[in-house]
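Accompanying notes for the structure given below.
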Amino acid sequence: MKFKLLGTFILLWFFSYIAAAAVSLSGTRVIYPQGKKEIALEVKNHGAQPVLTQNWIDDGDIHSSPDILNIPFIITPPIARINSQQGQSLRISALENTLPQDRESVFWINVLEIPAVNKAAVNKLQMAFRTRIKLFYRPEGLVGKPEAAAQQLSWRKISSTQLEAKNNTPWNVSLAGVASGRWKATGDVVPAWGKKIFTIKSGQLLSSSGDVSWTYINDYGAERSASGFLKN
């Protein structure tokens, strides 16, 4: 995947701007089961003009450049032209499998949308839009279910400024948000067999009864709710 990030060179800066993403994806996450030869992700251009997309997969570092990544997946085509009201199928294939077999692994699919230059739009900024969605590699034979894993997170206050979410399952849990009393936090991924630390800012009092609630995102991209209690 030896190509530079096209958006670095194609953005045209002028005095004002037009901002309207035209490209959409067929899902908000992609599950790649072990043993699958390839999977497809559909990209649709809803705009009135053709667009160019650059497509790549990273390991979670949003600032990483596609030409230096060493990812066990390949996405084709890496660059695509999509005409107005047309679509493009992106094919994702696994390379030599060196990933852990006792847990899910998570990566990120990137689609950078670069609109055609509108010669009539004088003194305008042509914006490039980047969409990122999660790619979960799912080995065979994992114990339990991902939905149950999201409901079984354990929570504890580890200091006056930190709250810990612990995931004792082989499934990654995607959180949309979490709250307790006056404290709220935006979501993140609690990794399989791992932990995630959330920050408690000054004045954000936790629930006196120790209850905590969270919203997680399931395999279909839908948000579901769960609740529990803080452990000492």
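Residue names in the structure tokens use chain letters A, B, ... in the order shown, residue numbers from 1 in each chain, and ligand numbers from 1 in the order shown.
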Skip A:Leu95 itself and residues of its chain fewer than 4 positions away, then list as a list in words all residues within 10 Å of it, counting only C-alpha atoms.
Lys37, Ile71, Pro72, Phe73 and Ile74 of chain A
Can you tell me which residues surround A:Val173 at a distance of at most 8 Å, considering only C-alpha atoms, apart from same-chain residues fewer than 6 positions away, and format the answer as a CSV table (one decimal) with N, CA and C atoms, in the first residue's frame?
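Result file is result.csv:
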chain,number,residue,atom,x,y,z
A,146,PRO,N,-21.0,-11.2,21.5
A,146,PRO,CA,-20.6,-9.7,21.7
A,146,PRO,C,-21.6,-8.9,22.4
A,149,ALA,N,-21.2,-9.5,26.1
A,149,ALA,CA,-19.9,-8.8,26.5
A,149,ALA,C,-20.1,-7.4,26.9
A,150,ALA,N,-20.9,-6.7,26.0
A,150,ALA,CA,-21.1,-5.2,26.2
A,150,ALA,C,-21.9,-5.0,27.5
A,167,ASN,N,-13.1,-5.2,30.7
A,167,ASN,CA,-13.8,-6.1,29.8
A,167,ASN,C,-13.1,-7.5,29.9
A,189,VAL,N,-13.6,2.5,22.7
A,189,VAL,CA,-13.6,1.0,22.7
A,189,VAL,C,-12.9,0.5,23.9
A,190,VAL,N,-13.6,-0.4,24.6
A,190,VAL,CA,-13.0,-1.2,25.7
A,190,VAL,C,-12.5,-2.5,25.1
A,191,PRO,N,-11.2,-2.6,25.0
A,191,PRO,CA,-10.6,-3.8,24.3
A,191,PRO,C,-10.9,-5.1,24.9
A,192,ALA,N,-10.9,-6.1,24.1
A,192,ALA,CA,-11.0,-7.5,24.5
A,192,ALA,C,-10.0,-7.8,25.5
A,216,TYR,N,-23.9,1.1,24.3
A,216,TYR,CA,-23.0,0.5,23.5
A,216,TYR,C,-23.5,0.3,22.1
A,217,ILE,N,-22.7,0.0,21.1
A,217,ILE,CA,-23.1,-0.2,19.7
A,217,ILE,C,-22.9,-1.6,19.3
Just to confirm, what's the straight-line distance from atom CA of A:Phe136 to atom CA of A:Val106 in Å (one decimal)?
4.6 Å
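With only C-alpha atoms as the atoms that count, the minimum distance from A:Asn168 to the choices A:Lys201, A:Lys184, A:Lys195, A:Lys134 is reached by A:Lys195.
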Could you check which of A:Thr131, A:Thr76, A:Ser225, A:Thr186 is closest to A:Ala21, using only C-alpha atoms?
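Among A:Thr131, A:Thr76, A:Ser225, A:Thr186, it is A:Thr131 that comes nearest to A:Ala21.
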Residue with smallest distance to A:Trp214 - pool A:Lys231, A:Gly181, A:Leu175, A:Pro115, counting only C-alpha atoms:
A:Leu175
Selection near A:Ser180, 8 Å with only C-alpha atoms, sequence-local residues under 3 positions removed, as a PyMOL selection string:
chain A and resi 183-184+205-207+210-213
So that I can check the secondary structure, give me every residue of stretch 100-164 of chain A assigned strand (DSSP E) by backbone DSSP, as a PyMOL selection string.
chain A and resi 105-115+129-138+154-159+162-164
Quick one: contact table of stretch 74-149 of chain A to stretch 63-66 of chain A, 12 Å max, nearest atom pair and distance in Å to one decimal per residue, counting only C-alpha atoms, chain and number order, as JSON lines?
{"residue": "A:Ile74", "atom": "CA", "partner": "A:Pro66", "partner_atom": "CA", "distance": 11.3}
{"residue": "A:Ile75", "atom": "CA", "partner": "A:Pro66", "partner_atom": "CA", "distance": 11.4}
{"residue": "A:Pro78", "atom": "CA", "partner": "A:Pro66", "partner_atom": "CA", "distance": 9.9}
{"residue": "A:Ile79", "atom": "CA", "partner": "A:Pro66", "partner_atom": "CA", "distance": 11.9}
{"residue": "A:Trp108", "atom": "CA", "partner": "A:Ser64", "partner_atom": "CA", "distance": 11.3}
{"residue": "A:Ile109", "atom": "CA", "partner": "A:Pro66", "partner_atom": "CA", "distance": 11.1}
{"residue": "A:Asn110", "atom": "CA", "partner": "A:Pro66", "partner_atom": "CA", "distance": 9.7}
{"residue": "A:Val111", "atom": "CA", "partner": "A:Pro66", "partner_atom": "CA", "distance": 11.5}
{"residue": "A:Leu112", "atom": "CA", "partner": "A:Pro66", "partner_atom": "CA", "distance": 11.5}
{"residue": "A:Arg130", "atom": "CA", "partner": "A:His63", "partner_atom": "CA", "distance": 11.9}
What lies within 8 Å of A:Lys44 using only C-alpha atoms, ignoring chain neighbours under 3 positions off, as a list in words?
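Neighbouring residues, sequence-local ones excluded: Val23, Ser24, Leu25, Ser26, Ile82, Gln85, Gln86, Gly87 and Gln88 of chain A.
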Would you mind exporting C-alpha atoms of the selected residues as a PDB file, in the first residue's frame?
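After the write, part_29.pdb holds the following:
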ATOM      1  CA  VAL A  23     -20.109   9.823  -0.198  1.00  0.00           C
ATOM      2  CA  SER A  24     -21.787   7.370   2.177  1.00  0.00           C
ATOM      3  CA  LEU A  25     -20.869   3.829   3.251  1.00  0.00           C
ATOM      4  CA  SER A  26     -23.151   0.817   3.468  1.00  0.00           C
ATOM      5  CA  ILE A  82     -17.164   7.256  -8.461  1.00  0.00           C
ATOM      6  CA  GLN A  85     -25.313   8.706  -8.174  1.00  0.00           C
ATOM      7  CA  GLN A  86     -23.123   5.659  -8.728  1.00  0.00           C
ATOM      8  CA  GLY A  87     -21.467   3.221  -6.338  1.00  0.00           C
ATOM      9  CA  GLN A  88     -18.211   1.362  -5.864  1.00  0.00           C
TER      10      GLN A  88
END
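Shortest separation to A:Leu135 among A:Glu42, A:Glu147, A:Glu104, A:Asp188 occurs at residue A:Glu104, atoms counted being only C-alpha atoms.
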As a PDB file with C-alpha atoms, in the first residue's frame, please: all residues of stretch 51-200 of chain A that backbone DSSP puts in helix (DSSP H, G or I).
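Full text of selection25.pdb as output:
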ATOM      1  CA  PRO A  66      -1.150   4.829   4.292  1.00  0.00           C
ATOM      2  CA  ASP A  67       2.293   4.354   2.757  1.00  0.00           C
ATOM      3  CA  ILE A  68       3.934   3.314   6.052  1.00  0.00           C
ATOM      4  CA  PRO A 146     -20.604  -9.746  21.661  1.00  0.00           C
ATOM      5  CA  GLU A 147     -23.943  -8.391  22.897  1.00  0.00           C
ATOM      6  CA  ALA A 148     -23.495 -10.136  26.250  1.00  0.00           C
ATOM      7  CA  ALA A 149     -19.939  -8.843  26.539  1.00  0.00           C
ATOM      8  CA  ALA A 150     -21.147  -5.248  26.223  1.00  0.00           C
ATOM      9  CA  GLN A 151     -23.614  -5.784  29.061  1.00  0.00           C
TER      10      GLN A 151
END
